[in-house]
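Here's the structure we're looking at; comments come further down.
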Amino acid sequence: QEDHPGVQAERGEEGGDVGQGVGAAARVDAACGGNADDARVIQAAIDSSAEGDEIVFKGPCLINATITLRDRRTYRGDSKAGALIKQADGANLPAMLASETWVDDKPYSSDTVRIERLTLDGNRDNNTGTVGLMLRSWNSRIYDVDIFGTPSDGIRLSNPSKNGTLLQNTMVNSVISDIYIEGSGGAGIKVVDPGNSITDWTLQRSWIAFSGTSAIESDNAAGWVMSELHLYGVPKHAIDAHRCFGTSIQNNYIEDFGGEGAADQTYFGIRCDLQGEAGSTITGNRIHNFAPPPSEKAGVRRSRQLGAAPLERHRSLTTALPASSKYVYLALDGVNYGTGHASVTGNTVLGRGTKREIGLLYSKADGDSMSISSTGNLVDNVGTPRATGRGVKITKGH
């Protein structure tokens with residue numbers, strides 16, 4: 001392997017790797033200097049590694065090029081606070097960190113990547129168009145990562161590669177957990193899937209705050225579990241999920257949504273359209289529409305830049321909602337084929353007392369039919385507690 005400044009690999013004697021002899025994993029350190037050479041140092045460390053190795057970032061790092069994440073490796077910080085990776089002013093990268101097959105425009109997904117204990121700073125004030133973490137990988141794990149101030153989405157799961165090449169296989173069976181995404185210019189997490197590749201992920205135990213659009217936008221929620229999420233400061237929709245098929249959206253806390261209040265727009269707390277053939281569950285969610293003052297987002301961004309804890313939130317159910325918008329707290333608003341099936345139980349909706357609010361909305365739209373078990377939901381202080389369209393069968397279950 002070629003030697004690079006800032007790159008160190010722990011190897012055993014006589015060419016063997018530390019601990020297990022020949023073929024065992026090595027730790028490869030990428031030691032940044034906080035300057036324009038950091039992207040080269042990081043990429044050299046990754047490119048010098050072998051499958052199964054662990055690349056350890058020692059920050060702070062300043063990058064001016066997209067970091068390509070090679071497959072079947074672990075990427076982590078020595079500590080989350082000590083592994084800050086920041087985008088340089090004016091770099092305007094398409095992504096800060098990106099899967100190998102996305103960068104290389106391959107028609108198949110990357111695999112078996114683990115990312116943990118990192119902090120990504122997108123430097124949104126001095127860049128445009130950048131995604132923090134661009135994932136195009138199956139059987140992968142993202143844990144304990146902070147992402148803030150990205151000009152575009154915090155995390156994007158993308159079927160199209162950098163030049164638009166579509167997947168011919170899947171990118172399934174992965175976990176995103178214990179992350180914090182704040183102040184993205186786009187969505188906190190976005191799934192872009194014009195095919196049917198990005199299914200069966202778990203997104204859990206995370207916080208998404210003050211996104212530029214929605215907290216979560218997903219073209220394909222089939223087989224997904226979204227649980228124990230805290231979503232707040234949301235201009236558009238909190239969870240906007242499509243193609244629900246064996247999907248579970250459970251035990252999430254939504255503080256607010258639709259904060260931008262654009263004229264003649266409908267905003268959703270939780271929204272999903274259904275596929276036929278498999279049932280979905282939406283259970284135990286708490287959906288509110290508190291109204292933080294407009295100055296709160298700016299205050300949070302300032303505190304984040306200073307490394308301070310977020311300011312105390314000012315939650316209010318008395319401030320008037322924008323007069324020209326509609327708000328739907330929980331919606332199953334379409335069936336794409338066949339009969340859509342879902343169980344909606346034990347959710348809590350607390351509204352603002354206006355006629356422009358709907359607690360629960362069930363509509364098959366142009367689909368064939370919809371069968372819903374809707375029971376045990378508390379819906380208070382909304383103009384319309386439940387709206388049901390034609391062709392929708394409502395039961396209390398058995």
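Each chain of the structure tokens is named A, B, ... in the order shown, its residues numbered from 1; ligands are numbered from 1 in display order.
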**Message:** Using only C-alpha atoms, which protein or nucleic acid residues come within 7 Å of stretch 273-276 of chain A? Drop anything in the same chain fewer than 4 positions from it, and give the result as a PyMOL selection string.
**Reply:** chain A and resi 242-245+332-340
Keeping only N, CA, C and O atoms, write those residues as a short mmCIF file (atom, residue, chain, number, x, y, z; two decimals), in the first residue's frame.
data_model
loop_
_atom_site.label_atom_id
_atom_site.label_comp_id
_atom_site.auth_asym_id
_atom_site.auth_seq_id
_atom_site.Cartn_x
_atom_site.Cartn_y
_atom_site.Cartn_z
N HIS A 242 -44.74 7.00 0.98
CA HIS A 242 -45.54 6.45 -0.12
C HIS A 242 -45.25 4.96 -0.28
O HIS A 242 -44.23 4.45 0.15
N ARG A 243 -46.23 4.27 -0.90
CA ARG A 243 -46.15 2.84 -1.17
C ARG A 243 -46.00 2.03 0.12
O ARG A 243 -45.11 1.19 0.24
N CYS A 244 -46.87 2.30 1.08
CA CYS A 244 -46.85 1.51 2.32
C CYS A 244 -47.30 0.08 2.02
O CYS A 244 -48.39 -0.15 1.49
N PHE A 245 -46.47 -0.88 2.39
CA PHE A 245 -46.68 -2.31 2.10
C PHE A 245 -45.98 -3.06 3.23
O PHE A 245 -44.76 -3.15 3.26
N LEU A 332 -54.29 8.22 5.48
CA LEU A 332 -54.07 7.19 4.48
C LEU A 332 -54.91 7.64 3.30
O LEU A 332 -56.13 7.47 3.29
N ASP A 333 -54.26 8.27 2.33
CA ASP A 333 -55.02 9.05 1.35
C ASP A 333 -54.94 8.50 -0.07
O ASP A 333 -55.14 9.24 -1.04
N GLY A 334 -54.70 7.20 -0.19
CA GLY A 334 -54.74 6.61 -1.52
C GLY A 334 -54.41 5.14 -1.51
O GLY A 334 -53.74 4.65 -0.59
N VAL A 335 -54.88 4.41 -2.53
CA VAL A 335 -54.53 3.01 -2.76
C VAL A 335 -53.99 2.94 -4.18
O VAL A 335 -54.64 3.39 -5.13
N ASN A 336 -52.81 2.36 -4.34
CA ASN A 336 -52.16 2.35 -5.65
C ASN A 336 -52.60 1.18 -6.52
O ASN A 336 -52.58 1.28 -7.75
N TYR A 337 -53.00 0.06 -5.91
CA TYR A 337 -53.57 -1.07 -6.65
C TYR A 337 -54.24 -2.00 -5.65
O TYR A 337 -53.89 -2.02 -4.46
N GLY A 338 -55.21 -2.75 -6.10
CA GLY A 338 -55.88 -3.73 -5.25
C GLY A 338 -56.59 -3.07 -4.07
O GLY A 338 -57.07 -1.94 -4.14
N THR A 339 -56.64 -3.81 -2.97
CA THR A 339 -57.24 -3.31 -1.74
C THR A 339 -56.15 -2.98 -0.74
O THR A 339 -55.29 -3.82 -0.44
N GLY A 340 -56.16 -1.76 -0.23
CA GLY A 340 -55.20 -1.37 0.78
C GLY A 340 -55.70 -1.75 2.16
O GLY A 340 -56.88 -1.53 2.49
#
**OP:** Enumerate as a list in words all residues of stretch 55-268 of chain A assigned to helix (DSSP H, G or I) by DSSP on the backbone, naming them with the chain letters and numbers the document uses.
**Re:** Glu100, Thr101, Trp102, Val103, Arg124, Asp125 and Asn126 of chain A
| said: Just checking: using only C-alpha atoms, which residue out of A:Asp153, A:Asp193, A:Asp78, A:Asp89 ends up closest to A:Ile216? | reply: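 Comparing A:Asp153, A:Asp193, A:Asp78, A:Asp89 against A:Ile216, the winner is A:Asp153.
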Between atom CA of A:Ile181 and atom CA of A:Asn127 - distance in Å to one decimal
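Spanning atom CA of A:Asn127 to atom CA of A:Ile181 is a straight-line distance of 17.6 Å.
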All strand (DSSP E or B) positions in stretch 153-191 of chain A, as a PyMOL selection string
chain A and resi 155-158+174-177+180-182+189-191
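In this model, the gap between atom CA of A:Ser140 and atom CA of A:Met226 comes to 16.4 Å.
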Query - Residues near A:Asp37, cut-off 8 Å, only C-alpha atoms, skip fewer than 4 positions along chain, as a ChimeraX atom specification - result: /A:33,41,63
Residues near A:Gly34, cut-off 7 Å, only C-alpha atoms, skip fewer than 4 positions along chain, as a short mmCIF file (atom, residue, chain, number, x, y, z; two decimals) with all heavy atoms, in the first residue's frame:
data_model
loop_
_atom_site.label_atom_id
_atom_site.label_comp_id
_atom_site.auth_asym_id
_atom_site.auth_seq_id
_atom_site.Cartn_x
_atom_site.Cartn_y
_atom_site.Cartn_z
N ASP A 38 -7.48 17.81 3.79
CA ASP A 38 -8.14 16.76 4.55
C ASP A 38 -8.90 15.77 3.69
O ASP A 38 -8.89 14.56 3.99
CB ASP A 38 -9.08 17.37 5.59
CG ASP A 38 -8.32 17.99 6.76
OD1 ASP A 38 -7.12 17.71 6.90
OD2 ASP A 38 -8.94 18.75 7.53
N PRO A 60 -10.67 17.89 13.95
CA PRO A 60 -11.69 18.26 12.98
C PRO A 60 -11.17 18.19 11.54
O PRO A 60 -9.98 18.40 11.30
CB PRO A 60 -12.03 19.70 13.36
CG PRO A 60 -10.78 20.22 14.00
CD PRO A 60 -10.17 19.05 14.72
N CYS A 61 -12.09 17.88 10.62
CA CYS A 61 -11.75 17.73 9.21
C CYS A 61 -12.49 18.78 8.39
O CYS A 61 -13.65 19.09 8.67
CB CYS A 61 -12.14 16.34 8.71
SG CYS A 61 -11.40 14.97 9.63
N LEU A 62 -11.84 19.28 7.36
CA LEU A 62 -12.43 20.26 6.45
C LEU A 62 -12.33 19.68 5.05
O LEU A 62 -11.22 19.46 4.54
CB LEU A 62 -11.68 21.58 6.53
CG LEU A 62 -12.27 22.77 5.75
CD1 LEU A 62 -13.59 23.22 6.41
CD2 LEU A 62 -11.27 23.92 5.70
#
Quick one: residues within 9 Å of A:Gly77, only C-alpha atoms counted, chain neighbours fewer than 6 positions away excluded, as an mmCIF file with C-alpha atoms, in the first residue's frame?
data_model
loop_
_atom_site.group_PDB
_atom_site.id
_atom_site.type_symbol
_atom_site.label_atom_id
_atom_site.label_comp_id
_atom_site.auth_asym_id
_atom_site.auth_seq_id
_atom_site.Cartn_x
_atom_site.Cartn_y
_atom_site.Cartn_z
ATOM 1 C CA ILE A 55 -11.412 3.616 9.079
ATOM 2 C CA VAL A 56 -11.185 5.961 12.078
ATOM 3 C CA PHE A 57 -11.545 9.715 11.536
ATOM 4 C CA LYS A 58 -9.537 12.035 13.761
ATOM 5 C CA GLY A 59 -10.877 15.554 13.367
ATOM 6 C CA ALA A 83 -14.692 13.616 14.552
ATOM 7 C CA LEU A 84 -16.320 16.717 13.092
ATOM 8 C CA ILE A 115 -20.986 4.481 9.932
ATOM 9 C CA GLU A 116 -20.913 5.642 13.544
ATOM 10 C CA ARG A 117 -19.809 8.349 15.976
ATOM 11 C CA LEU A 118 -19.413 11.131 13.409
ATOM 12 C CA THR A 119 -20.606 14.730 13.188
#
note - atom CA of A:Thr170 and atom CA of A:Asp368 are separated by 28.2 Å
- [ ] Compile the contact shell of A:Asn159 as number ranges by chain: residues with an atom at most 7 Å away, counting only C-alpha atoms, same-chain residues fewer than 6 positions apart removed.
- [x] A: 136, 166-167, 192-193, 197
Exercise. Smallest atom-to-atom distance to A:Val172: which of A:Leu69, A:Ile147, A:Ala221, A:Ala331, using only C-alpha atoms?
Worked result: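 Answer, going by the shortest atom-to-atom distance: A:Ala221.
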